[in-house]
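Here is the file work.cif (mmCIF, C-alpha atoms and all ligand atoms).
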```cif
data_target
loop_
_atom_site.label_atom_id
_atom_site.label_comp_id
_atom_site.auth_asym_id
_atom_site.auth_seq_id
_atom_site.Cartn_x
_atom_site.Cartn_y
_atom_site.Cartn_z
CA MET A 1 123.99 76.49 73.14
CA ASP A 2 122.43 79.65 71.82
CA VAL A 3 123.76 82.40 74.03
CA ARG A 4 122.79 85.97 73.40
CA THR A 5 122.86 89.14 75.36
CA VAL A 6 120.31 91.71 74.31
CA GLY A 7 119.62 95.23 75.41
CA ALA A 8 116.34 95.98 77.14
CA LEU A 9 113.31 96.15 74.83
CA ARG A 10 114.63 93.71 72.21
CA ILE A 11 113.40 90.17 72.65
CA PRO A 12 114.80 87.51 70.29
CA GLU A 13 112.22 85.80 68.05
CA GLU A 14 113.46 82.36 69.18
CA LEU A 15 112.62 83.26 72.77
CA ARG A 16 109.14 84.44 71.84
CA GLY A 17 108.56 81.09 70.11
CA ALA A 18 109.91 79.11 73.07
CA LEU A 19 107.62 80.97 75.47
CA ARG A 20 104.57 80.51 73.24
CA ALA A 21 105.26 76.78 73.00
CA ALA A 22 106.16 76.22 76.66
CA GLU A 23 104.04 73.79 78.66
CA HIS A 24 105.52 74.55 82.09
CA VAL A 25 107.42 77.72 82.94
CA VAL A 26 109.32 78.20 86.20
CA VAL A 27 110.01 81.78 87.30
CA LEU A 28 112.56 82.20 90.10
CA THR A 29 112.95 85.69 91.48
CA GLY A 30 115.51 87.34 93.74
CA ALA A 31 116.07 90.71 95.35
CA GLY A 32 116.60 92.42 91.95
CA VAL A 33 112.91 92.02 91.12
CA SER A 34 112.00 94.26 94.08
CA ALA A 35 114.86 96.74 93.58
CA GLU A 36 112.72 99.00 91.40
CA SER A 37 110.20 99.11 94.26
CA GLY A 38 112.92 100.71 96.39
CA LEU A 39 113.95 97.60 98.37
CA SER A 40 117.69 96.99 98.64
CA THR A 41 119.31 93.90 97.18
CA PHE A 42 121.97 92.04 99.20
CA ARG A 43 125.12 91.89 97.11
CA ASP A 44 125.00 94.90 94.78
CA ARG A 45 128.03 97.17 95.21
CA GLN A 46 127.25 100.28 97.25
CA THR A 47 123.49 99.70 97.52
CA GLY A 48 123.34 96.06 98.70
CA LEU A 49 122.40 95.29 102.33
CA TRP A 50 125.59 93.24 102.80
CA GLU A 51 127.63 96.38 102.02
CA ARG A 52 126.30 97.98 105.22
CA PHE A 53 125.52 94.99 107.43
CA LYS A 54 127.35 91.74 108.08
CA PRO A 55 125.28 88.63 107.24
CA GLU A 56 126.85 86.75 110.17
CA ASP A 57 125.54 89.46 112.57
CA LEU A 58 121.99 89.38 111.21
CA ALA A 59 121.10 86.35 109.13
CA THR A 60 122.07 83.34 111.26
CA ALA A 61 120.44 81.63 114.25
CA GLY A 62 123.66 82.30 116.20
CA ALA A 63 123.32 86.04 115.59
CA PHE A 64 119.78 85.95 116.98
CA GLU A 65 120.99 84.11 120.09
CA ARG A 66 123.83 86.58 120.64
CA ASP A 67 121.85 89.78 120.05
CA PRO A 68 118.12 89.17 119.56
CA ALA A 69 117.26 92.88 119.76
CA LEU A 70 119.67 93.76 116.95
CA VAL A 71 118.30 91.05 114.66
CA TRP A 72 114.62 91.59 115.51
CA GLY A 73 115.06 95.38 115.08
CA TRP A 74 116.71 94.91 111.69
CA TYR A 75 113.87 92.74 110.40
CA GLU A 76 111.25 95.13 111.83
CA TRP A 77 113.02 97.96 109.99
CA ARG A 78 112.91 95.94 106.76
CA ARG A 79 109.27 94.97 107.38
CA ALA A 80 108.42 98.68 107.60
CA GLN A 81 110.21 99.34 104.30
CA ILE A 82 108.36 96.47 102.64
CA ALA A 83 105.02 97.76 103.94
CA ARG A 84 105.71 101.14 102.30
CA ALA A 85 106.92 99.65 98.99
CA LEU A 86 104.64 99.00 96.02
CA PRO A 87 104.87 96.21 93.44
CA ASN A 88 106.60 97.35 90.25
CA SER A 89 106.07 96.53 86.57
CA ALA A 90 108.21 93.37 86.87
CA HIS A 91 105.87 91.91 89.52
CA THR A 92 102.87 92.89 87.38
CA ALA A 93 104.34 91.30 84.24
CA ILE A 94 105.05 88.05 86.13
CA LYS A 95 101.44 88.01 87.28
CA ALA A 96 100.28 88.55 83.66
CA LEU A 97 102.61 85.80 82.42
CA GLY A 98 101.12 83.39 84.95
CA GLU A 99 97.68 84.02 83.46
CA ARG A 100 98.82 83.30 79.90
CA VAL A 101 101.16 80.31 80.05
CA ARG A 102 99.74 76.79 80.41
CA LEU A 103 101.41 76.19 83.77
CA MET A 104 103.67 78.49 85.73
CA THR A 105 105.48 77.82 89.01
CA LEU A 106 106.52 81.06 90.72
CA ALA A 107 109.26 80.76 93.32
CA THR A 108 110.89 83.65 95.13
CA GLN A 109 113.83 84.03 97.48
CA ASN A 110 112.37 87.35 98.61
CA VAL A 111 110.80 87.78 102.03
CA ASP A 112 108.49 90.58 100.81
CA ASP A 113 104.90 90.17 99.58
CA LEU A 114 105.16 92.22 96.39
CA HIS A 115 104.31 89.29 94.08
CA GLU A 116 101.14 88.68 96.09
CA ARG A 117 100.26 92.38 96.08
CA ALA A 118 100.73 92.42 92.28
CA GLY A 119 98.06 89.66 92.11
CA SER A 120 100.08 86.42 91.87
CA THR A 121 98.06 83.96 93.90
CA VAL A 122 100.48 81.05 94.38
CA VAL A 123 103.98 82.15 95.35
CA HIS A 124 106.51 79.69 96.78
CA HIS A 125 108.62 81.59 99.32
CA LEU A 126 111.87 79.63 99.57
CA HIS A 127 113.37 81.90 102.25
CA GLY A 128 110.17 82.57 104.23
CA THR A 129 108.58 85.99 104.71
CA VAL A 130 108.89 88.84 107.21
CA ALA A 131 105.14 88.59 107.75
CA ASP A 132 105.25 85.19 109.48
CA PRO A 133 107.31 85.31 112.70
CA PHE A 134 107.25 82.23 114.92
CA CYS A 135 108.43 81.06 118.33
CA SER A 136 112.13 80.13 118.45
CA GLY A 137 111.29 77.61 121.21
CA CYS A 138 108.14 75.72 120.25
CA GLY A 139 107.74 76.85 116.63
CA ARG A 140 104.25 78.21 117.17
CA PRO A 141 103.24 80.89 114.61
CA PHE A 142 103.00 84.39 116.02
CA GLN A 143 100.81 87.21 114.76
CA ALA A 144 103.23 89.83 113.36
CA PRO A 145 103.16 92.83 115.69
CA GLN A 146 101.51 96.06 114.54
CA GLN A 147 103.82 98.03 112.30
CA ARG A 148 105.70 100.46 114.55
CA ARG A 149 105.60 104.08 113.45
CA ASP A 150 109.16 104.65 114.68
CA ALA A 151 110.42 101.72 112.62
CA SER A 152 110.16 103.92 109.54
CA GLY A 153 113.50 105.68 110.06
CA GLU A 154 116.78 103.91 110.76
CA GLN A 155 117.25 100.45 112.17
CA LEU A 156 116.26 100.08 115.85
CA HIS A 157 117.29 97.71 118.59
CA LEU A 158 114.03 96.09 119.58
CA GLU A 159 113.52 93.33 122.11
CA PRO A 160 111.49 90.58 120.36
CA PRO A 161 108.14 89.59 121.88
CA ARG A 162 107.87 86.38 123.93
CA CYS A 163 105.77 83.31 123.17
CA SER A 164 102.66 83.13 125.33
CA ASP A 165 102.97 79.30 125.44
CA CYS A 166 106.61 78.63 126.26
CA GLY A 167 108.12 82.06 126.96
CA ALA A 168 110.84 81.76 124.31
CA ARG A 169 111.63 84.64 121.99
CA ILE A 170 109.68 85.17 118.79
CA ARG A 171 111.96 85.18 115.72
CA PRO A 172 111.53 86.47 112.16
CA GLY A 173 109.93 83.94 109.80
CA VAL A 174 112.84 83.93 107.35
CA VAL A 175 115.41 81.27 106.45
CA TRP A 176 118.87 82.10 107.74
CA PHE A 177 122.22 80.70 106.63
CA GLY A 178 122.64 77.12 107.85
CA GLU A 179 118.87 76.54 108.08
CA MET A 180 116.76 74.24 105.95
CA LEU A 181 114.34 75.70 103.44
CA PRO A 182 110.62 75.03 104.07
CA ARG A 183 110.25 71.39 103.02
CA ARG A 184 106.95 71.62 101.15
CA GLU A 185 107.89 74.75 99.17
CA TRP A 186 111.28 73.33 98.29
CA ASP A 187 109.83 69.99 97.13
CA ILE A 188 107.31 71.71 94.85
CA VAL A 189 109.88 74.02 93.28
CA GLU A 190 112.57 71.36 92.93
CA ARG A 191 110.08 69.09 91.16
CA ALA A 192 109.01 71.99 88.91
CA ALA A 193 112.65 72.64 87.95
CA MET A 194 112.91 68.99 86.89
CA ASP A 195 109.62 69.13 84.95
CA CYS A 196 109.62 72.56 83.26
CA ASP A 197 110.49 73.25 79.64
CA LEU A 198 111.40 76.90 80.24
CA PHE A 199 113.13 78.40 83.28
CA ILE A 200 113.27 82.17 83.86
CA SER A 201 115.55 83.57 86.56
CA VAL A 202 115.00 87.22 87.46
CA GLY A 203 117.13 89.54 89.60
CA THR A 204 119.16 86.98 91.51
CA SER A 205 122.92 86.63 91.77
CA ALA A 206 122.33 82.83 91.88
CA LEU A 207 124.96 82.49 94.62
CA VAL A 208 122.89 81.21 97.55
CA TYR A 209 122.16 77.50 97.70
CA PRO A 210 120.05 75.47 97.39
CA ALA A 211 117.94 78.02 95.42
CA ALA A 212 120.95 78.60 93.13
CA SER A 213 120.91 74.92 92.15
CA LEU A 214 117.48 75.23 90.50
CA MET A 215 118.68 77.11 87.40
CA ARG A 216 121.72 74.82 87.23
CA ARG A 217 119.41 71.80 87.10
CA ALA A 218 117.41 73.37 84.26
CA ILE A 219 120.68 74.04 82.40
CA ALA A 220 121.76 70.44 82.95
CA ARG A 221 118.42 69.23 81.55
CA ARG A 222 119.06 71.41 78.46
CA VAL A 223 115.69 73.14 78.67
CA THR A 224 115.43 76.77 77.53
CA THR A 225 116.82 79.08 80.20
CA VAL A 226 116.37 82.85 80.46
CA GLN A 227 118.19 85.16 82.81
CA ILE A 228 117.02 88.73 83.39
CA ASN A 229 119.57 90.74 85.34
CA LEU A 230 121.18 94.16 85.33
CA ALA A 231 124.61 92.61 85.67
CA HIS A 232 126.69 89.68 84.54
CA THR A 233 126.41 86.51 86.65
CA GLU A 234 128.65 83.45 86.67
CA LEU A 235 125.92 81.47 84.85
CA ASP A 236 125.68 83.77 81.81
CA SER A 237 127.78 81.66 79.46
CA ARG A 238 125.55 78.61 80.07
CA ILE A 239 122.17 80.31 79.65
CA THR A 240 120.12 80.22 76.46
CA PHE A 241 118.95 83.85 76.57
CA VAL A 242 120.65 86.46 78.73
CA LEU A 243 118.50 89.59 78.86
CA ARG A 244 120.59 92.24 80.50
CA GLY A 245 118.76 95.27 81.92
CA PRO A 246 116.17 96.23 84.51
CA ALA A 247 113.52 93.59 85.19
CA GLY A 248 110.88 96.33 85.32
CA SER A 249 111.44 97.09 81.61
CA ILE A 250 112.40 93.70 80.20
CA LEU A 251 109.62 91.58 81.71
CA PRO A 252 106.72 93.80 80.51
CA GLU A 253 108.31 93.90 77.05
CA LEU A 254 108.67 90.11 77.00
CA VAL A 255 105.03 89.62 77.99
CA LYS A 256 103.80 92.29 75.55
CA CYS A 257 105.61 90.90 72.53
CA VAL A 258 104.50 87.31 73.18
CA TYR A 259 100.92 88.26 74.10
CA PRO A 260 100.27 91.55 72.24
CA ASP A 261 96.68 91.79 73.53
CA GLN A 262 97.95 92.23 77.13
C1 LIG B 1 118.54 93.49 89.06
C2 LIG B 1 117.98 94.71 89.31
C3 LIG B 1 116.96 95.09 88.46
C4 LIG B 1 119.47 94.46 90.76
N1 LIG B 1 116.59 94.28 87.47
N2 LIG B 1 118.17 92.70 88.07
C5 LIG B 1 128.38 75.74 99.20
C6 LIG B 1 127.50 75.01 98.42
C7 LIG B 1 126.17 74.90 98.77
C8 LIG B 1 125.66 75.54 99.89
C9 LIG B 1 126.53 76.27 100.65
C10 LIG B 1 127.86 76.36 100.32
N3 LIG B 1 128.47 77.12 101.27
C11 LIG B 1 127.53 77.53 102.16
C12 LIG B 1 126.33 77.02 101.81
C13 LIG B 1 125.07 77.21 102.48
C14 LIG B 1 124.42 78.57 102.28
C15 LIG B 1 124.89 79.26 101.01
O1 LIG B 1 124.39 79.07 99.92
N4 LIG B 1 125.85 80.16 101.11
C16 LIG B 1 126.39 80.85 99.93
C17 LIG B 1 126.61 82.31 100.25
C18 LIG B 1 127.61 80.13 99.46
N5 LIG B 1 122.99 78.30 102.18
C19 LIG B 1 122.25 78.09 103.26
O2 LIG B 1 122.72 78.13 104.40
C20 LIG B 1 120.80 77.76 103.01
N6 LIG B 1 120.42 76.60 103.72
C21 LIG B 1 121.01 75.41 103.49
O3 LIG B 1 121.88 75.26 102.64
O4 LIG B 1 120.49 74.39 104.25
C22 LIG B 1 121.19 73.15 104.25
C23 LIG B 1 122.19 73.23 105.38
C24 LIG B 1 121.72 73.11 106.67
C25 LIG B 1 122.63 73.13 107.71
C26 LIG B 1 124.00 73.36 107.45
C27 LIG B 1 124.43 73.56 106.14
C28 LIG B 1 123.51 73.48 105.09
C29 LIG B 1 119.90 78.89 103.51
C30 LIG B 1 120.11 80.14 102.74
C31 LIG B 1 119.30 81.29 103.36
C32 LIG B 1 119.57 82.63 102.69
N7 LIG B 1 119.06 83.66 103.51
C33 LIG B 1 119.14 85.04 103.04
C34 LIG B 1 118.78 86.00 104.20
C35 LIG B 1 117.45 85.67 104.90
C36 LIG B 1 116.28 86.33 104.22
C37 LIG B 1 116.31 87.86 104.30
O5 LIG B 1 116.82 88.42 105.29
O6 LIG B 1 115.77 88.49 103.38
O7 LIG B 1 118.26 85.20 101.92
S1 LIG B 1 120.74 85.49 102.38
C38 LIG B 1 120.12 86.52 101.12
O8 LIG B 1 120.57 85.99 99.85
C39 LIG B 1 118.59 86.38 101.15
C40 LIG B 1 118.29 86.21 99.68
O9 LIG B 1 117.03 85.59 99.49
C41 LIG B 1 119.46 85.41 99.16
C42 LIG B 1 119.65 85.48 97.68
O10 LIG B 1 120.00 86.77 97.26
P1 LIG B 1 119.50 87.33 95.85
O11 LIG B 1 118.03 87.43 95.84
O12 LIG B 1 120.12 86.56 94.76
O13 LIG B 1 120.05 88.85 95.93
P2 LIG B 1 121.50 89.41 95.48
O14 LIG B 1 121.65 90.72 96.11
O15 LIG B 1 122.57 88.41 95.71
O16 LIG B 1 121.37 89.57 93.90
C43 LIG B 1 120.51 90.53 93.33
C44 LIG B 1 120.67 90.45 91.82
O17 LIG B 1 119.70 91.31 91.22
C45 LIG B 1 122.05 90.91 91.33
O18 LIG B 1 122.56 89.94 90.43
C46 LIG B 1 121.77 92.23 90.60
O19 LIG B 1 122.61 92.44 89.47
C47 LIG B 1 120.34 92.05 90.18
N8 LIG B 1 119.57 93.28 90.05
N9 LIG B 1 118.65 95.28 90.44
C48 LIG B 1 117.25 93.08 87.32
N10 LIG B 1 116.36 96.30 88.61
ZN ZN B 2 106.83 78.97 122.13
#
```
Structure translated into structure tokens:
Amino acid sequence: MDVRTVGALRIPEELRGALRAAEHVVVLTGAGVSAESGLSTFRDRQTGLWERFKPEDLATAGAFERDPALVWGWYEWRRAQIARALPNSAHTAIKALGERVRLMTLATQNVDDLHERAGSTVVHHLHGTVADPFCSGCGRPFQAPQQRRDASGEQLHLEPPRCSDCGARIRPGVVWFGEMLPRREWDIVERAAMDCDLFISVGTSALVYPAASLMRRAIARRVTTVQINLAHTELDSRITFVLRGPAGSILPELVKCVYPDQ
């Protein structure tokens, strides 16, 4: 398989051709796509959220049962950060790509809304969003509370609101470890991974399943695969084009050289 690692701002001619010819492109994004908007990734050394917080204390249903105020406060703190963040040039380039390719399926593991705010209209959120809390008892959707002014500083302990129907606690609308992904979103994206002729993975460590299986399926189908990441990942040796560098530089360059009128 053609494996090449290129510096930012140098896109191989074979990749340009593959993108021009593609009938169905899947783009899967992870926390790295929002890093240049100032939002922390999870697993990056020193800056990743899991360097400062333990996933088992914050990102499981058991953690929410044990200490709902800790978990709710953490997600409210992140929701405030997301509200202050702006989409970056990677989000904008993905939106532009979606307007040029014949068919694009955009899937994200991110719980922010930066793809939407960059103008992408159909975004499949595989791990939910911080904007859609729901009742932990009856499942009823809950209107996200007004953004708290004091949530802008450090993380707070905040008692979650209660459901007006059943009285159970409202929980963040994200997918925690051990939980199923939203069925409809997963089915669409899984089918797209089996149908596409080009798969682009951006800013994800590709360690969390089942999202991590999507790129592996594309590799197994021998379709053209592209990985845009600052760092090495365990999939690099099996990917057609490894573009190493910041997504906010590489994606606009990729779009510009394939569609120079952009
Ligand atoms: C840049 C950049 C720049 C930086 N430019 N690049 C073994 C096999 C299969 C499954 C499992 C298994 N063992 C355990 C499981 C299950 C588990 C899992 O996968 N665990 C793994 C850790 C092994 N998965 C689950 O539990 C999932 N559900 C499930 O499997 O259901 C079935 C089931 C049901 C019941 C019982 C058992 C199974 C659910 C997973 C939910 C993940 N949730 C989280 C947190 C909630 C959302 C939130 O709070 O935001 O989702 S975890 C966290 O990781 C978050 C992310 O969406 C997810 C992925 O992280 P991502 O996006 O890849 O970020 P990073 O930080 O890892 O990587 C960033 C990358 O960007 C890096 O590579 C950087 O280099 C790069 N980068 N800046 C380009 N500027
Ligand atoms: Zn309820």
Could you give me the axis-aligned bounding box of ligand LIG 1 (chain B), with 6 Å of padding per side, as centre plus edge lengths in Å to one decimal, as AutoDock Vina command-line options?
```
--center_x 122.1 --center_y 84.7 --center_z 97.5 --size_x 24.7 --size_y 35.2 --size_z 32.4
```
Contact check, chain A to ligand LIG 1 (chain B), at most 7 Å, counting all atoms listed in the file, closest pairs as CSV:
```
residue,atom,partner,partner_atom,distance
A:Thr29,CA,B:LIG1,O11,6.9
A:Gly30,CA,B:LIG1,O11,3.3
A:Ala31,CA,B:LIG1,O11,3.9
A:Gly32,CA,B:LIG1,O17,3.4
A:Val33,CA,B:LIG1,N1,5.7
A:Ala35,CA,B:LIG1,N9,5.1
A:Glu36,CA,B:LIG1,N10,5.3
A:Thr41,CA,B:LIG1,O14,4.1
A:Phe42,CA,B:LIG1,O14,3.4
A:Arg43,CA,B:LIG1,O14,3.8
A:Asp44,CA,B:LIG1,O14,5.5
A:Gly48,CA,B:LIG1,O14,6.2
A:Ala59,CA,B:LIG1,C34,5.5
A:Gln109,CA,B:LIG1,O9,4.1
A:Asn110,CA,B:LIG1,O9,5.1
A:Val111,CA,B:LIG1,O6,5.2
A:His127,CA,B:LIG1,C36,5.7
A:Val174,CA,B:LIG1,C36,5.2
A:Val175,CA,B:LIG1,C31,5.0
A:Trp176,CA,B:LIG1,C31,4.5
A:Phe177,CA,B:LIG1,O2,3.4
A:Gly178,CA,B:LIG1,O2,3.6
A:Glu179,CA,B:LIG1,N6,4.6
A:Met180,CA,B:LIG1,O4,4.1
A:Leu181,CA,B:LIG1,N6,6.2
A:Val202,CA,B:LIG1,C48,6.3
A:Gly203,CA,B:LIG1,O17,3.5
A:Thr204,CA,B:LIG1,O12,3.4
A:Ser205,CA,B:LIG1,O18,3.6
A:Ala206,CA,B:LIG1,O12,5.2
A:Leu207,CA,B:LIG1,C16,5.7
A:Val208,CA,B:LIG1,O1,3.5
A:Tyr209,CA,B:LIG1,O1,3.5
A:Pro210,CA,B:LIG1,O3,5.6
A:Ile228,CA,B:LIG1,C48,5.9
A:Asn229,CA,B:LIG1,N2,3.6
A:Leu230,CA,B:LIG1,N2,4.3
A:Ala231,CA,B:LIG1,O19,4.3
A:His232,CA,B:LIG1,O19,7.0
A:Thr233,CA,B:LIG1,O18,6.4
A:Gly245,CA,B:LIG1,C48,6.0
A:Pro246,CA,B:LIG1,N1,3.6
A:Ala247,CA,B:LIG1,N1,3.9
A:Gly248,CA,B:LIG1,N10,6.4
```
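Take the candidates A:Leu70, A:Leu39, A:Cys257, A:Cys135 and check each one against A:Lys54 using all atoms listed in the file; the shortest distance goes to A:Leu70.
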When the cut-off is 12 Å and you count only C-alpha atoms and all ligand atoms, which residues lie near ligand ZN 2 (chain B), shown as a CSV table (one decimal) with C-alpha atoms, in the coordinates of the input?
```
chain,number,residue,atom,x,y,z
A,133,PRO,CA,107.3,85.3,112.7
A,134,PHE,CA,107.2,82.2,114.9
A,135,CYS,CA,108.4,81.1,118.3
A,136,SER,CA,112.1,80.1,118.4
A,137,GLY,CA,111.3,77.6,121.2
A,138,CYS,CA,108.1,75.7,120.2
A,139,GLY,CA,107.7,76.8,116.6
A,140,ARG,CA,104.2,78.2,117.2
A,141,PRO,CA,103.2,80.9,114.6
A,142,PHE,CA,103.0,84.4,116.0
A,161,PRO,CA,108.1,89.6,121.9
A,162,ARG,CA,107.9,86.4,123.9
A,163,CYS,CA,105.8,83.3,123.2
A,164,SER,CA,102.7,83.1,125.3
A,165,ASP,CA,103.0,79.3,125.4
A,166,CYS,CA,106.6,78.6,126.3
A,167,GLY,CA,108.1,82.1,127.0
A,168,ALA,CA,110.8,81.8,124.3
A,169,ARG,CA,111.6,84.6,122.0
A,170,ILE,CA,109.7,85.2,118.8
A,171,ARG,CA,112.0,85.2,115.7
```
Residues within 6 Å of (120.0, 80.8, 83.1), counting only C-alpha atoms, listed as an mmCIF file with C-alpha atoms, keeping the file's coordinate frame:
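Result file is part20.cif:
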```
data_model
loop_
_atom_site.group_PDB
_atom_site.id
_atom_site.type_symbol
_atom_site.label_atom_id
_atom_site.label_comp_id
_atom_site.auth_asym_id
_atom_site.auth_seq_id
_atom_site.Cartn_x
_atom_site.Cartn_y
_atom_site.Cartn_z
ATOM 1 C CA MET A 215 118.680 77.110 87.400
ATOM 2 C CA THR A 225 116.820 79.080 80.200
ATOM 3 C CA VAL A 226 116.370 82.850 80.460
ATOM 4 C CA GLN A 227 118.190 85.160 82.810
ATOM 5 C CA ILE A 239 122.170 80.310 79.650
#
```
Across A:Leu198, A:Arg238, A:Trp72, A:Pro87, the smallest distance to A:Leu15, with all atoms listed in the file counted, is shown by A:Leu198
Have a look at atom CA of A:Ser249 and atom CA of A:Glu185 and let me know their distance in Å, one decimal.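 Spanning atom CA of A:Ser249 to atom CA of A:Glu185 is a straight-line distance of 28.6 Å.
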Nearest candidate to A:Ala80 (options A:Ala22, A:Ser120, A:Glu65, A:Pro145; using only C-alpha atoms):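 Nearest candidate to A:Ala80 out of A:Ala22, A:Ser120, A:Glu65, A:Pro145: A:Pro145.
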Compare A:Val223, A:Leu58, A:Ile200, A:Leu254 by their minimum atom-to-atom distance to A:Arg10, counting all atoms listed in the file, and give me the closest one. A:Leu254
Quick one: residues within 9 Å of A:Gly73, all atoms listed in the file, excluding same-chain residues fewer than 2 positions away - as a ChimeraX atom specification? /A:68-71,75-78,151,155-160
Taking (106.2, 89.3, 89.5) in the file's own coordinates, collect the residues within 8 Å, counting only C-alpha atoms, and hand them back as a ChimeraX atom specification. /A:29,33,89-95,114-115,118,120
